[in-house]
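Down below is the structure, laid out as structure tokens.
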Amino acid sequence: MEQTLAQIIRREIYQPVPQAVQTAAQGVRDRHGDGVAAILFYGSCLRDQSVEGKVIDFYVLVEHYHNIHKSWIMSTANALLPPNVYYLEVPDDGGTVRIKYAVYTLNAFNRGASQRTIQSTIWARFAQPCILLYARSDAVEGRIVSALVKSITTLMKLTTPLMATTFTSKELWVRAFQESYRSELRAERSDRPAQLYDHFEMRYEKLSKLCLIGAEQQESQPQTPTRYRNSSGKWARALTQTRCVVRRFYGKFLTILRLVKAAFTFDGGLDYILWKIETHSAVRVRPTPWQERHPVLAAPILAWRLYRQGAFR
């Protein structure tokens with residue numbers, strides 16, 4: 001199964017992208033030089049195949065944080081609470097390309113794709129399609145493909161026990177995305193998980209059939225979706241439910257800490273975060289002059305205001 005999944009991933013990660021995305025990737029490499037081991041492109045710009053009026057999302061993978069951070073403080077912060085998030089603007093064809101990128105080590109990225117981590121940050125995000133814009137070597141590419149395959153199998157294994165006795169591929173993936181959002185204080189609308197699935201429906205159907213071998217249950221009507229059996233025992237179900245509850249509290253706590261860190265990680269960080277939340281939730285919060293001058297101290301206060309106004313679900 002994993003070999004087949006790896007073949008699918010290798011075909012996906014080398015799909016063509018707009019020239020602006022290539023320009024953005026080169027801008028990141030120019031900023032950090034040989035410290036960059038790989039660059040992954042994901043998110044709404046990938047889904048829409050358009051960057052106009054948007055911020056391009058990258059994951060920048062490195063061997064060691066000190067390879068790209070000049071400050072030991074930033075390297076330590078990245079190691080203790082990954083990722084560090086940065087913002088970059090690059091000129092392109094008379095305009096400006098805007099990039100937001102998260103920095104992880106290859107080891108941390110691989111750990112985040114596995115069942116060993118309580119967080120869903122990596123495996124829920126990278127079970128979705130992504131593009132490998134740059135890999136320093138074949139060995140680095142292989143590690144990334146392994147992590148992407150692992151993300152898919154982790155999502156399946158940690159979501160299946162939550163499902164009803166029988167379920168469809170869409171029900172499984174939508175539930176997985178919902179649980180991920182609940183653990184990250186994501187400012188997303190309630191129909192967002194279903195939209196993510198519908199955008200790449202054929203892909204997710206194919207992955208479900210590969211990963212849920214032996215659980216398939218044919219329907220009597222040929223036009224109805226394939227249903228799968230949930231053979232998880234009651235203890236597996238209870239353990240998975242408990243893990244989800246823990247993930248929600250733990251993930252939300254980490255989200256607040258990351259908001260605090262993001263406020264000083266890149267220039268304009270506070271304004272970017274508030275803009276991003278507003279675009280997803282329509283909740284607008286204006287920081288006070290004091291909060292603009294002291295974004296680190298203000299971040300928890302603003303996070304609480306946003307939560308009270310319904311920006312986070």
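Scheme for the structure tokens: letters A, B, ... for chains in order shown; per-chain residue numbers from 1; ligand numbers from 1 in order shown.
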### Message
Residues near A:Ser232, anyone? I mean within 12 Å using only C-alpha atoms, not counting same-chain ones fewer than 4 positions away, as a ChimeraX atom specification.
### Response
/A:157-166,215,228,236-240
Write to file, as a CSV table (one decimal), in the first residue's frame, the residues of the selection just made, with C-alpha atoms.
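What ended up in selection-v1.csv:
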```csv
chain,number,residue,atom,x,y,z
A,157,LYS,CA,-5.8,5.6,11.5
A,158,LEU,CA,-6.5,8.4,13.9
A,159,THR,CA,-9.9,9.3,12.4
A,160,THR,CA,-11.5,5.9,11.5
A,161,PRO,CA,-12.3,5.0,15.2
A,162,LEU,CA,-14.3,8.2,15.4
A,163,MET,CA,-16.6,7.2,12.6
A,164,ALA,CA,-20.0,5.5,12.7
A,165,THR,CA,-20.4,1.8,12.0
A,166,THR,CA,-20.2,2.5,8.2
A,215,ALA,CA,-13.1,-2.2,5.1
A,228,TYR,CA,-16.5,1.5,4.6
A,236,ALA,CA,-9.9,2.0,20.4
A,237,ARG,CA,-12.9,4.3,20.0
A,238,ALA,CA,-12.7,5.5,23.6
A,239,LEU,CA,-8.9,6.1,23.4
A,240,THR,CA,-9.2,8.0,20.1
```
Backbone DSSP call of strand (DSSP E) for stretch 198-268 of chain A, listed as a PDB file with C-alpha atoms, in the first residue's frame:
```
ATOM      1  CA  GLU A 216     -14.893  -1.651   1.846  1.00  0.00           C
ATOM      2  CA  GLN A 217     -18.603  -2.410   1.772  1.00  0.00           C
ATOM      3  CA  ARG A 227     -19.141   2.814   2.253  1.00  0.00           C
ATOM      4  CA  TYR A 228     -16.497   1.477   4.629  1.00  0.00           C
ATOM      5  CA  ARG A 229     -16.839  -0.494   7.825  1.00  0.00           C
TER       6      ARG A 229
END
```
Sort by chain and increasing residue number a table of all residues of stretch 52-144 of chain A within 12 Å of stretch 19-30 of chain A, each with its closest pair of atoms and their distance in Å to one decimal, counting only C-alpha atoms, and write it as CSV.
```
residue,atom,partner,partner_atom,distance
A:Glu52,CA,A:Ala20,CA,9.4
A:Lys54,CA,A:Val21,CA,11.4
A:Val55,CA,A:Ala24,CA,10.3
A:Ile56,CA,A:Val21,CA,7.4
A:Asp57,CA,A:Val21,CA,9.6
A:Phe58,CA,A:Ala25,CA,8.2
A:Tyr59,CA,A:Ala25,CA,10.3
A:Val60,CA,A:Val28,CA,8.4
A:Leu61,CA,A:Arg29,CA,11.2
A:Val62,CA,A:Arg29,CA,11.4
A:Ile68,CA,A:Arg29,CA,10.2
A:Tyr86,CA,A:Val28,CA,10.0
A:Tyr87,CA,A:Val28,CA,9.8
A:Leu88,CA,A:Val28,CA,7.8
A:Glu89,CA,A:Ala24,CA,8.2
A:Val90,CA,A:Gly27,CA,6.2
A:Pro91,CA,A:Thr23,CA,8.4
A:Asp92,CA,A:Ala20,CA,6.7
A:Asp93,CA,A:Ala20,CA,8.5
A:Gly94,CA,A:Ala20,CA,11.3
A:Gly95,CA,A:Ala20,CA,9.8
A:Thr96,CA,A:Ala20,CA,9.1
A:Val97,CA,A:Ala24,CA,6.5
A:Arg98,CA,A:Ala24,CA,7.6
A:Ile99,CA,A:Ala24,CA,6.7
A:Lys100,CA,A:Ala24,CA,9.9
A:Tyr101,CA,A:Val28,CA,8.7
A:Ala102,CA,A:Val28,CA,11.2
A:Val103,CA,A:Val28,CA,11.1
A:Ile131,CA,A:Val21,CA,10.5
A:Leu132,CA,A:Ala25,CA,10.3
A:Leu133,CA,A:Ala25,CA,7.0
A:Tyr134,CA,A:Ala25,CA,7.9
A:Ala135,CA,A:Arg29,CA,11.2
A:Arg136,CA,A:Arg29,CA,11.0
```
### Query
Per DSSP on the backbone, what are the alpha helix (DSSP H) residues of stretch 61-299 of chain A, as a PyMOL selection string?
chain A and resi 72-80+106-112+121-125+138-159+169-182+192-199+201-211+234-265+269-281+289-293+295-299
Residues of stretch 18-58 of chain A that approach stretch 137-156 of chain A to 12 Å or less, counting only C-alpha atoms: could you list each one with the shortest pair of atoms and its distance in Å to one decimal, rows by chain and increasing residue number, as JSON lines?
```
{"residue": "A:Val36", "atom": "CA", "partner": "A:Val140", "partner_atom": "CA", "distance": 10.9}
{"residue": "A:Ala37", "atom": "CA", "partner": "A:Val140", "partner_atom": "CA", "distance": 7.1}
{"residue": "A:Ala38", "atom": "CA", "partner": "A:Val140", "partner_atom": "CA", "distance": 7.4}
{"residue": "A:Ile39", "atom": "CA", "partner": "A:Ile144", "partner_atom": "CA", "distance": 10.1}
{"residue": "A:Leu40", "atom": "CA", "partner": "A:Ile144", "partner_atom": "CA", "distance": 9.3}
```
Contacts of A:Lys206 within 10 Å, only C-alpha atoms, excl. fewer than 3 positions in-chain, as a JSON list (two decimals) with N, CA and C atoms, in the first residue's frame:
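Result saved to part31.json:
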```
[["chain", "number", "residue", "atom", "x", "y", "z"],
["A", 5, "LEU", "N", 1.00, 4.49, -2.50],
["A", 5, "LEU", "CA", 0.80, 5.85, -2.02],
["A", 5, "LEU", "C", 1.99, 6.73, -2.38],
["A", 8, "ILE", "N", 1.77, 7.82, -5.94],
["A", 8, "ILE", "CA", 0.79, 8.89, -6.11],
["A", 8, "ILE", "C", 1.36, 10.22, -5.66],
["A", 169, "SER", "N", -16.04, 7.95, 2.22],
["A", 169, "SER", "CA", -14.76, 8.64, 2.18],
["A", 169, "SER", "C", -14.92, 10.10, 2.58],
["A", 201, "GLU", "N", -11.95, 15.78, -4.68],
["A", 201, "GLU", "CA", -12.76, 14.61, -4.34],
["A", 201, "GLU", "C", -12.19, 13.32, -4.90],
["A", 202, "MET", "N", -11.82, 13.29, -6.16],
["A", 202, "MET", "CA", -11.32, 12.06, -6.77],
["A", 202, "MET", "C", -10.05, 11.58, -6.09],
["A", 203, "ARG", "N", -9.20, 12.52, -5.70],
["A", 203, "ARG", "CA", -7.96, 12.16, -5.00],
["A", 203, "ARG", "C", -8.27, 11.48, -3.68],
["A", 209, "LYS", "N", -9.67, 4.31, -0.76],
["A", 209, "LYS", "CA", -9.72, 2.92, -1.24],
["A", 209, "LYS", "C", -8.39, 2.22, -1.04],
["A", 210, "LEU", "N", -7.29, 2.95, -1.15],
["A", 210, "LEU", "CA", -5.98, 2.34, -0.93],
["A", 210, "LEU", "C", -5.72, 2.05, 0.54],
["A", 211, "CYS", "N", -6.12, 2.98, 1.40],
["A", 211, "CYS", "CA", -5.77, 2.87, 2.82],
["A", 211, "CYS", "C", -6.75, 2.02, 3.62]]
```
### Query
Between A:Leu302, A:Ile122, A:Leu196, A:Val246, which has the minimum distance to A:Trp290 (counting only C-alpha atoms)?
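With only C-alpha atoms as the atom set, the closest residue is A:Leu302.
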### Query
What lies within 7 Å of stretch 248-256 of chain A using only C-alpha atoms, ignoring chain neighbours under 4 positions off, as an MDAnalysis selection string?
chainID A and resid 119 182:185 244 260 300
